[in-house]
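coords-v8.cif follows; it contains mmCIF, C-alpha atoms.
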```cif
data_model
#
loop_
_atom_site.label_atom_id
_atom_site.label_comp_id
_atom_site.auth_asym_id
_atom_site.auth_seq_id
_atom_site.Cartn_x
_atom_site.Cartn_y
_atom_site.Cartn_z
CA MET A 1 63.42 78.28 -23.25
CA SER A 2 63.05 76.26 -26.42
CA THR A 3 65.58 76.69 -29.24
CA PRO A 4 64.04 76.70 -32.72
CA LEU A 5 65.70 74.53 -35.35
CA ALA A 6 65.58 74.89 -39.12
CA LYS A 7 65.87 71.97 -41.51
CA GLY A 8 69.36 70.48 -41.29
CA GLN A 9 70.31 72.28 -38.08
CA ASN A 10 71.47 70.38 -34.99
CA GLY A 11 71.97 71.02 -31.31
CA PRO A 12 73.66 69.28 -28.34
CA LEU A 13 71.81 67.14 -25.80
CA SER A 14 73.28 67.31 -22.30
CA VAL A 15 70.51 65.33 -20.54
CA ASP A 16 70.07 61.60 -20.03
CA ASP A 17 66.36 61.37 -20.90
CA VAL A 18 64.54 63.18 -23.69
CA ILE A 19 60.91 63.27 -24.82
CA VAL A 20 59.99 63.77 -28.48
CA SER A 21 56.45 65.08 -28.93
CA LEU A 22 54.33 66.45 -31.76
CA GLU A 23 51.92 69.28 -32.42
CA LEU A 24 49.58 68.27 -35.23
CA THR A 25 46.31 69.33 -36.82
CA ALA A 26 45.86 65.99 -38.62
CA ALA A 27 45.61 62.55 -37.04
CA ALA A 28 48.98 60.80 -37.23
CA ASP A 29 51.18 58.14 -35.64
CA LEU A 30 54.67 58.62 -34.20
CA SER A 31 57.22 55.81 -34.46
CA ALA A 32 60.97 55.36 -34.06
CA LEU A 33 63.67 53.51 -36.01
CA LEU A 34 66.90 52.65 -34.19
CA VAL A 35 69.60 52.30 -36.83
CA THR A 36 73.31 51.56 -36.93
CA ASP A 37 75.96 53.43 -38.93
CA SER A 38 74.70 51.55 -42.00
CA GLY A 39 71.28 53.20 -41.68
CA LYS A 40 69.62 49.83 -40.96
CA VAL A 41 67.98 48.32 -37.90
CA ARG A 42 69.71 45.31 -36.32
CA SER A 43 66.39 43.44 -36.12
CA ASP A 44 62.67 44.15 -36.09
CA ALA A 45 62.99 44.85 -32.34
CA ASP A 46 64.60 48.18 -33.27
CA PHE A 47 61.32 49.46 -34.73
CA VAL A 48 59.06 51.09 -32.11
CA PHE A 49 55.45 51.70 -33.15
CA PHE A 50 51.86 51.24 -31.91
CA ASN A 51 51.97 47.42 -32.07
CA GLN A 52 55.47 47.26 -30.52
CA PRO A 53 55.64 50.26 -28.18
CA THR A 54 58.99 49.50 -26.52
CA GLY A 55 62.48 49.03 -27.87
CA PRO A 56 66.01 49.24 -26.49
CA GLY A 57 66.05 52.57 -24.65
CA VAL A 58 62.94 53.87 -26.44
CA GLN A 59 59.29 53.82 -25.35
CA LEU A 60 56.18 55.01 -27.19
CA VAL A 61 53.93 56.79 -24.67
CA PRO A 62 50.22 57.13 -25.63
CA GLY A 63 48.95 60.69 -25.81
CA ALA A 64 45.91 62.14 -24.11
CA THR A 65 42.55 61.95 -25.91
CA GLY A 66 42.91 63.60 -29.29
CA GLN A 67 46.70 63.96 -28.96
CA ALA A 68 49.50 62.08 -30.70
CA ALA A 69 51.80 59.76 -28.78
CA SER A 70 55.30 60.80 -27.71
CA LEU A 71 58.65 59.03 -27.61
CA LYS A 72 60.56 58.72 -24.35
CA VAL A 73 64.23 58.02 -25.02
CA SER A 74 66.71 57.04 -22.29
CA LEU A 75 69.91 57.87 -24.11
CA GLY A 76 72.10 55.92 -21.71
CA ALA A 77 70.06 52.75 -22.40
CA VAL A 78 70.34 52.95 -26.19
CA PRO A 79 72.76 50.16 -27.28
CA ALA A 80 76.26 51.29 -28.20
CA ASP A 81 75.98 50.07 -31.79
CA ILE A 82 72.90 52.23 -32.44
CA ALA A 83 74.02 55.45 -34.12
CA GLN A 84 70.68 57.19 -34.64
CA VAL A 85 67.11 57.18 -33.33
CA ARG A 86 64.87 58.48 -36.11
CA ALA A 87 61.42 59.86 -35.25
CA VAL A 88 58.87 59.24 -38.02
CA ILE A 89 55.42 60.83 -38.42
CA THR A 90 52.85 58.88 -40.45
CA LEU A 91 49.41 60.27 -41.25
CA ASP A 92 46.55 57.97 -40.23
CA ASP A 93 45.01 58.54 -43.63
CA ALA A 94 47.56 57.31 -46.18
CA THR A 95 45.54 58.91 -49.01
CA SER A 96 45.90 62.35 -47.44
CA SER A 97 49.01 64.55 -47.29
CA PHE A 98 50.74 67.02 -44.97
CA GLY A 99 50.03 69.76 -47.51
CA ARG A 100 46.33 69.68 -46.55
CA SER A 101 46.90 70.94 -43.02
CA ALA A 102 49.16 73.20 -40.97
CA PRO A 103 52.81 72.06 -40.80
CA PRO A 104 53.53 69.67 -37.91
CA THR A 105 55.90 70.73 -35.15
CA ALA A 106 58.28 68.30 -33.43
CA ARG A 107 59.53 69.17 -29.95
CA VAL A 108 62.34 67.78 -27.83
CA ALA A 109 62.16 68.16 -24.04
CA ASP A 110 64.12 66.78 -21.10
CA GLY A 111 62.74 64.07 -18.85
CA ALA A 112 61.02 66.66 -16.66
CA GLY A 113 59.17 68.14 -19.64
CA ASN A 114 61.31 71.29 -20.02
CA SER A 115 61.39 72.19 -23.71
CA LEU A 116 64.83 72.13 -25.34
CA TYR A 117 64.24 72.34 -29.10
CA GLU A 118 61.36 72.70 -31.51
CA TYR A 119 61.22 72.18 -35.26
CA LYS A 120 58.33 73.35 -37.45
CA ILE A 121 58.42 71.01 -40.44
CA GLU A 122 57.59 73.28 -43.35
CA GLY A 123 57.76 72.62 -47.08
CA LEU A 124 55.79 69.37 -47.06
CA ASN A 125 53.26 68.95 -49.84
CA SER A 126 52.08 65.57 -51.15
CA GLU A 127 53.87 63.41 -48.55
CA SER A 128 51.98 61.41 -45.93
CA ILE A 129 55.18 60.29 -44.11
CA VAL A 130 58.10 62.36 -42.85
CA ILE A 131 61.27 61.61 -40.89
CA ALA A 132 60.89 64.52 -38.49
CA LEU A 133 64.17 64.51 -36.59
CA GLU A 134 66.88 62.21 -35.33
CA LEU A 135 68.85 61.81 -32.15
CA TYR A 136 72.41 60.80 -33.05
CA ARG A 137 75.82 60.14 -31.53
CA ARG A 138 78.81 62.34 -32.33
CA GLN A 139 82.15 61.73 -30.63
CA GLY A 140 80.58 60.03 -27.65
CA ALA A 141 77.88 62.69 -27.11
CA TRP A 142 74.26 62.88 -28.24
CA LYS A 143 72.83 65.57 -30.51
CA VAL A 144 69.51 66.29 -32.22
CA ARG A 145 69.13 67.14 -35.91
CA ALA A 146 66.08 68.58 -37.71
CA VAL A 147 65.55 66.31 -40.72
CA GLY A 148 62.12 67.01 -42.27
CA GLN A 149 62.57 64.43 -45.02
CA GLY A 150 59.25 63.58 -46.66
CA TYR A 151 58.87 60.05 -47.92
CA ALA A 152 56.86 59.23 -51.02
CA GLY A 153 57.34 55.47 -51.17
CA GLY A 154 54.76 54.49 -48.52
CA PHE A 155 55.25 53.37 -44.94
CA ALA A 156 56.10 49.79 -45.85
CA ALA A 157 58.79 51.02 -48.24
CA LEU A 158 60.20 53.36 -45.57
CA VAL A 159 60.67 50.71 -42.91
CA THR A 160 61.82 48.11 -45.46
CA ASP A 161 64.53 50.52 -46.60
CA HIS A 162 65.64 50.64 -42.96
CA GLY A 163 65.85 46.84 -42.76
CA VAL A 164 62.51 46.04 -41.08
CA SER A 165 60.82 42.92 -42.44
CA VAL A 166 57.24 43.60 -43.51
CA ASP A 167 54.76 40.73 -43.47
CA ASP A 168 52.05 42.21 -45.65
CA ALA A 169 49.15 40.27 -47.06
CA PRO A 170 49.68 39.55 -50.76
CA ALA A 171 47.37 41.23 -53.20
CA PRO A 172 44.76 38.89 -54.65
CA ALA A 173 45.67 37.50 -58.01
CA VAL A 174 43.77 39.02 -60.87
CA ALA A 175 42.82 36.69 -63.66
CA PRO A 176 43.80 37.96 -67.10
CA VAL A 177 40.92 39.34 -69.08
CA GLN A 178 40.03 37.14 -72.02
CA GLN A 179 39.60 39.23 -75.10
CA PRO A 180 36.98 37.99 -77.59
CA PRO A 181 38.47 36.79 -80.88
CA ALA A 182 38.49 39.34 -83.64
CA PRO A 183 35.82 38.71 -86.30
CA ALA A 184 37.09 37.24 -89.54
CA PRO A 185 37.28 39.77 -92.37
CA ALA A 186 34.40 39.60 -94.82
CA PRO A 187 35.33 38.24 -98.27
CA GLN A 188 35.77 40.92 -100.90
CA ALA A 189 34.97 40.73 -104.59
CA ALA A 190 37.86 41.23 -106.96
CA TYR A 191 36.03 44.03 -108.75
CA PRO A 192 33.37 45.57 -106.48
CA PRO A 193 30.49 47.23 -108.30
CA PRO A 194 30.21 50.99 -108.07
CA ALA A 195 28.20 52.22 -105.09
CA ALA A 196 24.73 53.59 -105.71
CA PRO A 197 24.37 57.32 -105.08
CA VAL A 198 23.02 58.15 -101.64
CA ALA A 199 20.74 61.12 -101.05
CA PRO A 200 21.96 63.54 -98.38
CA PRO A 201 20.11 63.16 -95.07
CA ALA A 202 17.44 65.64 -94.15
CA PRO A 203 18.59 68.20 -91.59
CA ALA A 204 17.83 67.06 -88.04
CA ALA A 205 15.53 69.10 -85.89
CA PRO A 206 17.36 70.98 -83.14
CA PRO A 207 17.25 69.09 -79.82
CA ALA A 208 14.79 70.31 -77.24
CA PRO A 209 16.45 72.01 -74.29
CA ALA A 210 16.98 69.63 -71.34
CA ALA A 211 14.76 70.21 -68.38
CA PRO A 212 16.62 71.11 -65.20
CA SER A 213 17.36 68.12 -62.99
CA VAL A 214 15.13 68.31 -59.93
CA PRO A 215 15.32 65.47 -57.39
CA ALA A 216 11.98 63.78 -57.11
CA GLU A 217 9.99 64.09 -53.90
CA VAL A 218 9.18 60.64 -52.60
CA SER A 219 6.56 59.43 -50.16
CA LEU A 220 6.94 57.62 -46.87
CA THR A 221 5.34 54.20 -46.65
CA LYS A 222 4.96 51.62 -43.91
CA ALA A 223 5.97 48.80 -46.24
CA ARG A 224 9.65 49.66 -46.50
CA PRO A 225 11.98 52.59 -45.75
CA VAL A 226 12.69 55.07 -48.52
CA SER A 227 16.28 55.01 -49.78
CA LEU A 228 17.15 58.65 -50.34
CA SER A 229 19.72 60.07 -52.73
CA LYS A 230 21.31 63.52 -52.51
CA GLY A 231 18.77 66.29 -52.81
CA GLN A 232 15.70 64.06 -52.47
CA LYS A 233 12.88 65.25 -50.25
CA VAL A 234 10.11 63.57 -48.31
CA THR A 235 7.10 65.07 -46.61
CA LEU A 236 6.93 64.06 -42.96
CA ARG A 237 3.55 62.38 -43.25
CA LYS A 238 2.82 58.71 -42.82
CA ASP A 239 0.47 56.65 -44.97
CA GLY A 240 -2.97 58.20 -44.94
CA GLY A 241 -1.60 61.73 -44.65
CA VAL A 242 -1.11 61.68 -40.86
CA ALA A 243 1.60 64.15 -39.86
CA LEU A 244 4.58 62.80 -37.94
CA THR A 245 5.03 64.29 -34.49
CA TYR A 246 8.04 62.56 -32.90
CA ILE A 247 11.01 61.62 -35.06
CA GLN A 248 14.44 60.22 -34.39
CA MET A 249 17.43 61.10 -36.52
CA GLY A 250 20.00 58.33 -36.24
CA LEU A 251 23.53 58.87 -37.52
CA GLY A 252 26.14 56.16 -37.86
CA TRP A 253 29.59 55.40 -39.20
CA ASP A 254 32.38 52.85 -39.00
CA PRO A 255 36.11 53.61 -38.85
CA ILE A 256 38.15 52.10 -41.67
CA GLU A 257 40.44 49.37 -40.39
CA LYS A 258 44.13 49.53 -41.18
CA ARG A 259 45.31 46.19 -42.48
CA GLY A 260 48.58 44.47 -43.24
CA MET A 261 52.14 45.53 -42.51
CA PHE A 262 52.24 45.62 -38.73
CA GLY A 263 48.88 44.22 -37.66
CA ASN A 264 45.30 45.40 -37.97
CA ARG A 265 43.71 48.24 -36.09
CA SER A 266 40.96 50.80 -36.57
CA ALA A 267 41.59 54.52 -36.61
CA ASN A 268 40.06 56.12 -33.53
CA VAL A 269 37.54 58.23 -35.42
CA ASP A 270 35.36 60.42 -33.15
CA LEU A 271 32.44 61.85 -35.11
CA ASP A 272 29.81 64.04 -33.49
CA ALA A 273 26.20 64.53 -34.58
CA SER A 274 24.58 67.93 -34.06
CA ALA A 275 21.23 69.56 -34.83
CA VAL A 276 21.50 73.27 -35.64
CA LEU A 277 18.28 75.34 -35.43
CA PHE A 278 17.67 78.35 -37.69
CA ALA A 279 15.08 81.11 -37.71
CA ASP A 280 15.19 82.07 -41.38
CA ASN A 281 18.94 82.63 -41.93
CA ASN A 282 19.87 83.15 -38.27
CA MET A 283 21.23 80.35 -36.12
CA VAL A 284 19.42 80.44 -32.78
CA ASP A 285 20.27 77.16 -31.02
CA VAL A 286 22.12 73.86 -31.30
CA ALA A 287 21.87 70.41 -29.72
CA TYR A 288 25.24 68.62 -29.62
CA TYR A 289 27.58 66.80 -27.24
CA GLY A 290 28.20 69.99 -25.24
CA GLN A 291 24.49 70.88 -24.91
CA LEU A 292 22.38 67.76 -25.22
CA THR A 293 18.99 69.53 -25.16
CA SER A 294 17.90 72.57 -27.14
CA LYS A 295 16.83 75.55 -25.06
CA ASP A 296 13.15 74.98 -25.83
CA GLY A 297 13.39 71.25 -25.06
CA SER A 298 12.12 70.15 -28.48
CA ILE A 299 15.39 68.43 -29.50
CA ARG A 300 17.35 66.01 -27.34
CA HIS A 301 20.75 64.54 -28.16
CA GLN A 302 21.16 61.07 -26.65
CA GLY A 303 24.89 61.27 -25.91
CA ASP A 304 28.36 61.17 -27.43
CA ASN A 305 29.94 58.15 -29.15
CA LEU A 306 33.73 58.50 -29.26
CA THR A 307 34.65 55.74 -31.71
CA GLY A 308 31.81 54.69 -34.02
CA GLU A 309 32.05 51.16 -32.68
CA GLY A 310 28.96 48.99 -32.58
CA ALA A 311 26.09 48.28 -34.92
CA GLY A 312 23.23 50.61 -35.74
CA ASP A 313 23.02 54.27 -34.80
CA ASP A 314 26.15 55.67 -33.19
CA GLU A 315 24.48 58.91 -32.15
CA VAL A 316 20.76 59.67 -31.92
CA ILE A 317 18.88 62.97 -31.93
CA LEU A 318 15.20 63.01 -30.90
CA VAL A 319 12.94 65.71 -32.34
CA ASP A 320 9.46 66.60 -31.04
CA LEU A 321 7.99 68.45 -34.01
CA THR A 322 5.02 69.59 -31.91
CA ARG A 323 7.27 71.58 -29.55
CA ILE A 324 9.48 73.35 -32.07
CA PRO A 325 8.76 77.09 -31.75
CA PRO A 326 6.97 78.66 -34.73
CA HIS A 327 9.89 80.97 -35.54
CA ILE A 328 12.20 77.98 -36.21
CA SER A 329 12.19 77.37 -39.96
CA THR A 330 14.98 74.81 -40.46
CA ILE A 331 16.88 72.18 -38.48
CA VAL A 332 20.18 71.11 -40.10
CA PHE A 333 21.69 67.77 -39.06
CA ILE A 334 25.49 67.67 -39.35
CA VAL A 335 28.32 65.29 -38.47
CA THR A 336 31.75 66.68 -37.58
CA SER A 337 35.10 65.02 -36.90
CA TYR A 338 36.39 66.03 -33.47
CA ARG A 339 39.97 64.82 -34.04
CA GLY A 340 40.20 66.10 -37.59
CA HIS A 341 39.86 62.78 -39.43
CA THR A 342 38.37 63.21 -42.88
CA PHE A 343 35.51 61.17 -44.29
CA GLU A 344 38.11 59.35 -46.37
CA GLN A 345 38.74 57.42 -43.14
CA VAL A 346 35.08 56.62 -42.53
CA LYS A 347 32.87 54.01 -44.15
CA ASN A 348 29.15 53.27 -43.92
CA ALA A 349 28.26 56.84 -42.92
CA PHE A 350 24.49 57.17 -42.91
CA CYS A 351 21.55 59.04 -41.47
CA ARG A 352 18.09 57.57 -41.03
CA LEU A 353 14.67 58.82 -40.03
CA VAL A 354 12.68 56.79 -37.51
CA ASP A 355 9.06 57.25 -36.45
CA THR A 356 9.50 57.27 -32.67
CA THR A 357 5.92 56.24 -31.95
CA SER A 358 6.23 53.00 -33.94
CA SER A 359 10.07 52.59 -34.04
CA ALA A 360 9.70 52.10 -37.80
CA GLU A 361 12.53 53.26 -40.04
CA LEU A 362 11.00 55.56 -42.64
CA ALA A 363 13.95 56.83 -44.68
CA ARG A 364 17.69 56.26 -44.98
CA PHE A 365 20.48 58.18 -46.69
CA THR A 366 23.92 56.54 -47.06
CA LEU A 367 27.07 58.34 -48.15
CA GLN A 368 28.92 56.57 -50.94
CA GLY A 369 32.69 57.07 -51.08
CA GLY A 370 35.01 59.04 -48.84
CA MET A 371 35.58 62.77 -49.17
CA PRO A 372 38.45 64.98 -47.91
CA PHE A 373 36.25 66.88 -45.44
CA THR A 374 36.13 66.94 -41.65
CA GLY A 375 32.40 67.72 -41.58
CA MET A 376 29.28 66.59 -43.41
CA VAL A 377 25.88 68.24 -43.76
CA MET A 378 23.72 65.12 -43.78
CA ALA A 379 20.10 66.35 -43.96
CA LYS A 380 17.69 69.06 -42.96
CA VAL A 381 14.10 69.25 -41.70
CA TYR A 382 12.31 72.42 -42.77
CA ARG A 383 8.85 73.99 -42.88
CA VAL A 384 6.87 74.49 -46.05
CA GLY A 385 3.59 76.16 -45.28
CA GLY A 386 2.11 74.24 -42.37
CA GLU A 387 4.06 70.98 -42.78
CA TRP A 388 7.56 69.64 -42.26
CA LYS A 389 9.76 68.10 -44.94
CA LEU A 390 13.06 66.24 -44.84
CA GLN A 391 15.80 66.67 -47.47
CA ALA A 392 18.94 64.52 -47.86
CA ILE A 393 22.03 66.71 -48.47
CA GLY A 394 25.35 64.86 -48.05
CA GLU A 395 27.69 67.81 -48.69
CA GLY A 396 31.16 68.18 -47.16
CA ILE A 397 32.45 71.09 -45.10
CA GLN A 398 35.63 71.72 -43.10
CA ALA A 399 34.62 71.75 -39.44
CA LYS A 400 35.61 69.78 -36.35
CA HIS A 401 32.65 70.89 -34.22
CA ALA A 402 29.29 72.59 -34.55
CA GLY A 403 30.70 76.04 -33.81
CA GLU A 404 33.02 75.84 -36.82
CA ALA A 405 30.22 74.44 -38.98
CA ALA A 406 27.54 77.04 -38.21
CA PRO A 407 28.92 79.89 -40.41
CA GLN A 408 29.03 77.48 -43.38
CA LEU A 409 25.39 76.33 -43.25
CA ALA A 410 23.65 79.36 -44.78
CA ARG A 411 23.84 77.90 -48.31
CA PHE A 412 21.78 74.89 -47.23
CA LEU A 413 18.82 76.86 -45.88
CA GLY A 414 16.94 77.50 -49.13
CA VAL A 415 13.89 75.38 -49.91
#
```

Take the structure in the file and give it back as structure tokens.
Amino acid sequence: MSTPLAKGQNGPLSVDDVIVSLELTAAADLSALLVTDSGKVRSDADFVFFNQPTGPGVQLVPGATGQAASLKVSLGAVPADIAQVRAVITLDDATSSFGRSAPPTARVADGAGNSLYEYKIEGLNSESIVIALELYRRQGAWKVRAVGQGYAGGFAALVTDHGVSVDDAPAPAVAPVQQPPAPAPAPQAAYPPPAAPVAPPAPAAPPAPAAPSVPAEVSLTKARPVSLSKGQKVTLRKDGGVALTYIQMGLGWDPIEKRGMFGNRSANVDLDASAVLFADNNMVDVAYYGQLTSKDGSIRHQGDNLTGEGAGDDEVILVDLTRIPPHISTIVFIVTSYRGHTFEQVKNAFCRLVDTTSSAELARFTLQGGMPFTGMVMAKVYRVGGEWKLQAIGEGIQAKHAGEAAPQLARFLGV
């Protein structure tokens, strides 16, 4: 049975091998610092992290899909001059904080996986790094202590304070801004003449009330794709007024690459595209990675992309407008983050409309800037009278899959 620890509490370790694991709701990395009595590493080899997964007596073990890594520590193999092994949690998104999600829990188990201790790290707010716990020597025996020390100085500052050398790329030099010279003062007469009297201005007419801002509805053309902004609408008719019948909604994104400090790598961002079908305000069906074809066969999802790697569309949804049942009024296209990454960790997120019969791109909507959401309502296709229209939306929601998103979509159903 696991023994709970509170901040500052410790407990004995009577086993040779221990496993430190995490329970998290936000994407994060686990690393270890092996320090002497001085609180410093002996060399960079005493820092165990994703680009250097083994150290003396310590190994970083990759987690299962969607799970954080764990630390396997062979206490008998830890060098005698190492006094502490500190387990550090670092959020993937350095601009986020632990206060945005449920508190992480650190667990200590024996080599067979039997849980010994657990520590729920509460009280974190704006920090994106925390020293979770430490394994330490006391009178020849090993113990574990719940630390829970948030760190505000950044990951580079944390490991530098522990004696790790950081080879970070220098910031580009910024040239000083040249200020224009101040104009020379105008010469003044010794005795300026008195100013002529000025008649008071006529009262201004009250300004006309501003018209409400309504996004313009644009037209599809063969010459070039329409670049949509939030709220803009297009009628799904080609040049000459011919109604579109088969369309393809392509959705794409790129993970933001981590740079500097300890090598470059991309966050493993798994976004999922879904098409949610509504009859008036009632959700009746969905096409997503768990059900690739809608029940009526009018919408087909082309498969899951787990990373966002590669050029062009990362996930594609095909829509046969001729087969959509008459009671379906709206199809909402959403993107959700399966592992809980926010759109602050995603760049180049876009959706585009393609005429399947000609493979011509007709419209494109690109998200500018990251947002602290795990889901995004990208666009919707909806009926107005006897024709279909597309509207770009680009609004954030908190959802990691279509099931969590569905209750939040009602506000996007109005025309």

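The coordinates place atom CA of Tyr246 of chain A at 23.1 Å from atom CA of Gly394 of chain A.
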
| When distances are computed from all atoms listed in the file, which of A:Val85, A:Val332, A:Val316, A:Ala399 shows the smallest separation from Lys72 of chain A? |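 Looking at the shortest contact to Lys72 of chain A, the residue is A:Val85.
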
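Take the candidates A:Ile324, A:Leu277, A:Leu91, A:Ala112 and check each one against Val15 of chain A using all atoms listed in the file; the shortest distance goes to A:Ala112.
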
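Between atom CA of Val377 of chain A and atom CA of Asp280 of chain A the separation is 17.6 Å.
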
Dump as CSV the rows for residues of segment 331-403 of chain A within 8 Å of segment 24-37 of chain A: closest atom pair and distance in Å with one decimal, all atoms listed in the file counted, ordered by chain and rising residue number.
```
residue,atom,partner,partner_atom,distance
A:Arg339,CA,A:Ala27,CA,6.8
A:Gly340,CA,A:Ala26,CA,5.8
A:His341,CA,A:Ala27,CA,6.2
```

| Nearest-residue call for Val147 of chain A, choices A:Gly290, A:Gly63, A:Gly123, A:Gly163, using all atoms listed in the file |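 Distance minimum relative to Val147 of chain A lands on A:Gly123.
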
| Selection result for the PyMOL selection byres ((chain A and resi 114) around 12) on this file, as a VMD selection string | chain A and resid 1 to 3 15 17 to 21 107 to 113 115 to 118

Export, as a PDB file, keeping the file's coordinate frame, the selected residues with C-alpha atoms.
```pdb
ATOM      1  CA  MET A   1      63.420  78.280 -23.250  1.00  0.00           C
ATOM      2  CA  SER A   2      63.050  76.260 -26.420  1.00  0.00           C
ATOM      3  CA  THR A   3      65.580  76.690 -29.240  1.00  0.00           C
ATOM      4  CA  VAL A  15      70.510  65.330 -20.540  1.00  0.00           C
ATOM      5  CA  ASP A  17      66.360  61.370 -20.900  1.00  0.00           C
ATOM      6  CA  VAL A  18      64.540  63.180 -23.690  1.00  0.00           C
ATOM      7  CA  ILE A  19      60.910  63.270 -24.820  1.00  0.00           C
ATOM      8  CA  VAL A  20      59.990  63.770 -28.480  1.00  0.00           C
ATOM      9  CA  SER A  21      56.450  65.080 -28.930  1.00  0.00           C
ATOM     10  CA  ARG A 107      59.530  69.170 -29.950  1.00  0.00           C
ATOM     11  CA  VAL A 108      62.340  67.780 -27.830  1.00  0.00           C
ATOM     12  CA  ALA A 109      62.160  68.160 -24.040  1.00  0.00           C
ATOM     13  CA  ASP A 110      64.120  66.780 -21.100  1.00  0.00           C
ATOM     14  CA  GLY A 111      62.740  64.070 -18.850  1.00  0.00           C
ATOM     15  CA  ALA A 112      61.020  66.660 -16.660  1.00  0.00           C
ATOM     16  CA  GLY A 113      59.170  68.140 -19.640  1.00  0.00           C
ATOM     17  CA  SER A 115      61.390  72.190 -23.710  1.00  0.00           C
ATOM     18  CA  LEU A 116      64.830  72.130 -25.340  1.00  0.00           C
ATOM     19  CA  TYR A 117      64.240  72.340 -29.100  1.00  0.00           C
ATOM     20  CA  GLU A 118      61.360  72.700 -31.510  1.00  0.00           C
TER      21      GLU A 118
END
```

| request: Would you kindly return, as a PyMOL selection string, each protein, DNA or RNA residue with an atom no farther than 9 Å from any atom of Ser294 of chain A, considering only C-alpha atoms and excluding same-chain residues fewer than 5 positions away? | output: chain A and resi 275+277+285-288+299-301

For the residues selected in the previous step, produce a file with C-alpha atoms as a PDB file, keeping the file's coordinate frame.
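Below is the file selection_3.pdb, written as the result:
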```pdb
ATOM      1  CA  ALA A 275      21.230  69.560 -34.830  1.00  0.00           C
ATOM      2  CA  LEU A 277      18.280  75.340 -35.430  1.00  0.00           C
ATOM      3  CA  ASP A 285      20.270  77.160 -31.020  1.00  0.00           C
ATOM      4  CA  VAL A 286      22.120  73.860 -31.300  1.00  0.00           C
ATOM      5  CA  ALA A 287      21.870  70.410 -29.720  1.00  0.00           C
ATOM      6  CA  TYR A 288      25.240  68.620 -29.620  1.00  0.00           C
ATOM      7  CA  ILE A 299      15.390  68.430 -29.500  1.00  0.00           C
ATOM      8  CA  ARG A 300      17.350  66.010 -27.340  1.00  0.00           C
ATOM      9  CA  HIS A 301      20.750  64.540 -28.160  1.00  0.00           C
TER      10      HIS A 301
END
```

| said: Please compute the atom CA of Met249 of chain A-atom CA of Ala410 of chain A distance, one decimal, in Å. | reply: 21.0 Å

| message | List the spatial neighbours of segment 9-14 of chain A as a ChimeraX atom specification - criterion: any atom at most 7 Å away, only C-alpha atoms, same-chain residues fewer than 5 positions off excluded. | response | /A:142-146

| task | Find the spatial neighbours of Lys380 of chain A, counting only C-alpha atoms, within a cut-off of 12 Å - ignore same-chain residues fewer than 2 positions away - and output them as a ChimeraX atom specification. | result | /A:230-236,249,274-278,329-334,351-353,365,376-378,382-383,388-395,409,412-415

Output segment 244-255 of chain A from the block with N, CA and C atoms, as an mmCIF file, in the first residue's frame?
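Output saved as selection04.cif:
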```
data_model
loop_
_atom_site.group_PDB
_atom_site.id
_atom_site.type_symbol
_atom_site.label_atom_id
_atom_site.label_comp_id
_atom_site.auth_asym_id
_atom_site.auth_seq_id
_atom_site.Cartn_x
_atom_site.Cartn_y
_atom_site.Cartn_z
ATOM 1 N N LEU A 244 -21.204 23.181 -55.236
ATOM 2 C CA LEU A 244 -20.229 22.130 -54.942
ATOM 3 C C LEU A 244 -20.953 20.895 -54.423
ATOM 4 N N THR A 245 -20.411 19.737 -54.743
ATOM 5 C CA THR A 245 -21.028 18.497 -54.284
ATOM 6 C C THR A 245 -20.091 17.693 -53.379
ATOM 7 N N TYR A 246 -18.818 17.602 -53.750
ATOM 8 C CA TYR A 246 -17.842 16.855 -52.961
ATOM 9 C C TYR A 246 -16.757 17.826 -52.509
ATOM 10 N N ILE A 247 -16.582 17.938 -51.204
ATOM 11 C CA ILE A 247 -15.549 18.832 -50.672
ATOM 12 C C ILE A 247 -14.636 18.059 -49.730
ATOM 13 N N GLN A 248 -13.464 18.596 -49.568
ATOM 14 C CA GLN A 248 -12.461 18.013 -48.674
ATOM 15 C C GLN A 248 -12.027 19.097 -47.707
ATOM 16 N N MET A 249 -12.157 18.803 -46.411
ATOM 17 C CA MET A 249 -11.671 19.721 -45.396
ATOM 18 C C MET A 249 -10.313 19.203 -44.914
ATOM 19 N N GLY A 250 -9.264 19.926 -45.252
ATOM 20 C CA GLY A 250 -7.932 19.555 -44.797
ATOM 21 C C GLY A 250 -7.534 20.378 -43.591
ATOM 22 N N LEU A 251 -6.974 19.718 -42.576
ATOM 23 C CA LEU A 251 -6.515 20.410 -41.382
ATOM 24 C C LEU A 251 -5.054 20.066 -41.149
ATOM 25 N N GLY A 252 -4.269 21.067 -40.794
ATOM 26 C CA GLY A 252 -2.841 20.843 -40.618
ATOM 27 C C GLY A 252 -2.272 21.650 -39.477
ATOM 28 N N TRP A 253 -1.094 21.245 -39.045
ATOM 29 C CA TRP A 253 -0.394 21.937 -37.956
ATOM 30 C C TRP A 253 1.049 21.468 -37.935
ATOM 31 N N ASP A 254 1.898 22.203 -37.261
ATOM 32 C CA ASP A 254 3.284 21.805 -37.040
ATOM 33 C C ASP A 254 3.609 21.991 -35.565
ATOM 34 N N PRO A 255 4.275 21.001 -34.948
ATOM 35 C CA PRO A 255 4.704 21.198 -33.565
ATOM 36 C C PRO A 255 5.830 22.226 -33.509
#
```
